[in-house]
Amino acid sequence: MYIVTGGAGLIGSAIVWQLNRMGIDDILVVDHLGESDKWKNLAPLRFTDYQEKDKFRAALAAGVPDGRKIEGVFHLGACSSTTERDASYLIDNNFKYTCELAEYCIRHHIRMVYASSCATYGDGSCGYDDDESRIHELRPMNMYGYSKQLFDLWARRRGYLDRLVGCKFSNIYGPNEAHKAGMRSVVMRAFEQITATGVLQLFKSYRPEYADGEQLRDFLYVKDAADIVVWLFGRDNLAGLFNVGSGRAESWNQLAAAAFAALKRPCRIEYIDMPETLRDRYQYYTCANMAKLRAAGYDREPTPMTVAVADYFDHYLGPNRHLGDE
């Protein structure tokens, strides 16, 4: 049996989908569904059981998360809001929860892949290299990034990074993100805005070296992210931190052009003021260094943005359309 925490979320459901494509469906999905529509992401997927996060953590504390043999754990469960202000909640939900699960997996010799984040890189002044020996130098710009940084540091101090795989996810977008509300990708928002108004709004730049819309990001389609994660899991000789991105710095204007092209609409962008609360912690450039993953043997190229956006718009952005409905 495989365990996928956060299995109803964007990346977690994509991993379940990827495992299903490989013929694997003996999966325990762990999440917190509450009153959200995340349950819709699970409907087309195949898995043997579902468990709420709190019940799973209680079973973990008792040392009996399930009576069956666990082949591996994909830990994607976390609050991914970069604007979450409750630091105590993030420490418990993102840091302590991951510590508990890691301790269990290490103790029982279970392979575990977990979600770190490129948010740990902060403003990028220390680069975007997935080098475990330098993670103490990183300064995240928000509490979410710090909660991820805390676990990376904790795991390194204990020597666990020699046995765990941490995935520093870049800007991931794609099917099964509708439930994320304010944290939905700009790709999904572009679809909604363009189909409703014919115009896409992007933030103005407040740095002279970047024109409006020329702020750069490392974007990665969620299908590519899931492929990388499952590939890493399958290489028992690999451990440590790995960037999971495209390795390309592409602008918001390029993303906008891909969105308008996918919808066969003329490109019309309106540049709007950035909220004051974001200006001091806004990232103007991110680009994951993918050399370490390439050196490990992963040789598949990321889906080009134009192709990925078209696939997303054509097949998944509509009523009741999710991964697994293909």
# chains A, B, ... in the order shown; residues from 1 in each chain; ligands from 1

$ select_by_dssp --residues "region 223-302 of chain A" --states "alpha helix (DSSP H)" --output "PyMOL selection string"
chain A and resi 223-233+252-262+276-279+291-296

$ write_last_selection --atoms "N, CA and C atoms" --output "mmCIF file, in the first residue's frame"
data_model
loop_
_atom_site.group_PDB
_atom_site.id
_atom_site.type_symbol
_atom_site.label_atom_id
_atom_site.label_comp_id
_atom_site.auth_asym_id
_atom_site.auth_seq_id
_atom_site.Cartn_x
_atom_site.Cartn_y
_atom_site.Cartn_z
ATOM 1 N N LYS A 223 1.333 17.860 -14.307
ATOM 2 C CA LYS A 223 1.605 16.510 -14.817
ATOM 3 C C LYS A 223 3.105 16.237 -14.825
ATOM 4 N N ASP A 224 3.904 17.245 -15.180
ATOM 5 C CA ASP A 224 5.357 17.094 -15.154
ATOM 6 C C ASP A 224 5.861 16.950 -13.719
ATOM 7 N N ALA A 225 5.258 17.722 -12.801
ATOM 8 C CA ALA A 225 5.656 17.635 -11.393
ATOM 9 C C ALA A 225 5.420 16.226 -10.852
ATOM 10 N N ALA A 226 4.254 15.669 -11.148
ATOM 11 C CA ALA A 226 3.932 14.315 -10.674
ATOM 12 C C ALA A 226 4.885 13.287 -11.268
ATOM 13 N N ASP A 227 5.242 13.457 -12.528
ATOM 14 C CA ASP A 227 6.166 12.530 -13.183
ATOM 15 C C ASP A 227 7.523 12.555 -12.489
ATOM 16 N N ILE A 228 8.007 13.745 -12.164
ATOM 17 C CA ILE A 228 9.307 13.868 -11.490
ATOM 18 C C ILE A 228 9.258 13.229 -10.106
ATOM 19 N N VAL A 229 8.194 13.500 -9.344
ATOM 20 C CA VAL A 229 8.093 12.985 -7.977
ATOM 21 C C VAL A 229 8.073 11.455 -7.968
ATOM 22 N N VAL A 230 7.264 10.869 -8.836
ATOM 23 C CA VAL A 230 7.173 9.409 -8.872
ATOM 24 C C VAL A 230 8.488 8.810 -9.367
ATOM 25 N N TRP A 231 9.145 9.485 -10.292
ATOM 26 C CA TRP A 231 10.460 9.020 -10.762
ATOM 27 C C TRP A 231 11.465 9.028 -9.610
ATOM 28 N N LEU A 232 11.498 10.096 -8.851
ATOM 29 C CA LEU A 232 12.415 10.175 -7.707
ATOM 30 C C LEU A 232 12.123 9.084 -6.684
ATOM 31 N N PHE A 233 10.836 8.857 -6.427
ATOM 32 C CA PHE A 233 10.463 7.818 -5.469
ATOM 33 C C PHE A 233 11.017 6.456 -5.896
ATOM 34 N N TRP A 252 5.391 36.781 -17.010
ATOM 35 C CA TRP A 252 3.933 36.788 -16.960
ATOM 36 C C TRP A 252 3.355 37.124 -18.338
ATOM 37 N N ASN A 253 4.065 37.953 -19.099
ATOM 38 C CA ASN A 253 3.584 38.281 -20.445
ATOM 39 C C ASN A 253 3.602 37.056 -21.348
ATOM 40 N N GLN A 254 4.615 36.211 -21.215
ATOM 41 C CA GLN A 254 4.654 34.972 -21.989
ATOM 42 C C GLN A 254 3.507 34.050 -21.596
ATOM 43 N N LEU A 255 3.251 33.984 -20.289
ATOM 44 C CA LEU A 255 2.121 33.175 -19.824
ATOM 45 C C LEU A 255 0.811 33.711 -20.393
ATOM 46 N N ALA A 256 0.656 35.033 -20.378
ATOM 47 C CA ALA A 256 -0.552 35.652 -20.918
ATOM 48 C C ALA A 256 -0.711 35.325 -22.396
ATOM 49 N N ALA A 257 0.382 35.413 -23.143
ATOM 50 C CA ALA A 257 0.321 35.114 -24.571
ATOM 51 C C ALA A 257 -0.119 33.669 -24.814
ATOM 52 N N ALA A 258 0.385 32.737 -23.988
ATOM 53 C CA ALA A 258 -0.003 31.331 -24.117
ATOM 54 C C ALA A 258 -1.491 31.152 -23.819
ATOM 55 N N ALA A 259 -1.984 31.877 -22.807
ATOM 56 C CA ALA A 259 -3.398 31.770 -22.436
ATOM 57 C C ALA A 259 -4.306 32.311 -23.537
ATOM 58 N N PHE A 260 -3.970 33.492 -24.078
ATOM 59 C CA PHE A 260 -4.787 34.062 -25.152
ATOM 60 C C PHE A 260 -4.747 33.179 -26.395
ATOM 61 N N ALA A 261 -3.570 32.609 -26.694
ATOM 62 C CA ALA A 261 -3.456 31.732 -27.859
ATOM 63 C C ALA A 261 -4.303 30.473 -27.682
ATOM 64 N N ALA A 262 -4.290 29.904 -26.473
ATOM 65 C CA ALA A 262 -5.077 28.688 -26.220
ATOM 66 C C ALA A 262 -6.568 28.954 -26.370
ATOM 67 N N GLU A 276 -0.078 47.086 -1.611
ATOM 68 C CA GLU A 276 1.058 47.529 -0.809
ATOM 69 C C GLU A 276 1.639 46.399 0.041
ATOM 70 N N THR A 277 0.759 45.510 0.518
ATOM 71 C CA THR A 277 1.203 44.425 1.401
ATOM 72 C C THR A 277 2.101 43.424 0.690
ATOM 73 N N LEU A 278 2.077 43.411 -0.647
ATOM 74 C CA LEU A 278 2.890 42.453 -1.400
ATOM 75 C C LEU A 278 4.198 43.040 -1.910
ATOM 76 N N ARG A 279 4.272 44.346 -2.024
ATOM 77 C CA ARG A 279 5.393 44.956 -2.745
ATOM 78 C C ARG A 279 6.757 44.646 -2.134
ATOM 79 N N ALA A 291 20.079 21.063 -12.520
ATOM 80 C CA ALA A 291 21.263 20.257 -12.832
ATOM 81 C C ALA A 291 21.345 18.996 -11.974
ATOM 82 N N LYS A 292 20.956 19.101 -10.713
ATOM 83 C CA LYS A 292 21.065 17.950 -9.816
ATOM 84 C C LYS A 292 20.135 16.819 -10.253
ATOM 85 N N LEU A 293 18.904 17.163 -10.617
ATOM 86 C CA LEU A 293 17.957 16.149 -11.091
ATOM 87 C C LEU A 293 18.449 15.537 -12.394
ATOM 88 N N ARG A 294 18.969 16.366 -13.292
ATOM 89 C CA ARG A 294 19.490 15.860 -14.567
ATOM 90 C C ARG A 294 20.671 14.915 -14.327
ATOM 91 N N ALA A 295 21.553 15.284 -13.413
ATOM 92 C CA ALA A 295 22.710 14.435 -13.119
ATOM 93 C C ALA A 295 22.285 13.102 -12.520
ATOM 94 N N ALA A 296 21.133 13.111 -11.832
ATOM 95 C CA ALA A 296 20.622 11.868 -11.239
ATOM 96 C C ALA A 296 20.034 10.936 -12.287
#

$ select_by_dssp --residues "region 77-209 of chain A" --states "strand (DSSP E)" --output "list in words"
Arg111, Met112, Val113, Tyr114, Ala115, Ser116, Ser117, Val165, Gly166, Cys167, Lys168, Phe169, Asn171, Ile172, Tyr173, Leu200, Gln201, Leu202 and Phe203 of chain A

$ residues_around --residues "region 154-167 of chain A" --least-positions-apart "6" --cutoff "7 Å" --atoms "only C-alpha atoms" --output "list in words"
Arg111, Met112, Val113, Tyr114, Ala115, Ser116, Ser117, Ala239, Gly240, Leu241, Phe242, Asn243 and Val244 of chain A
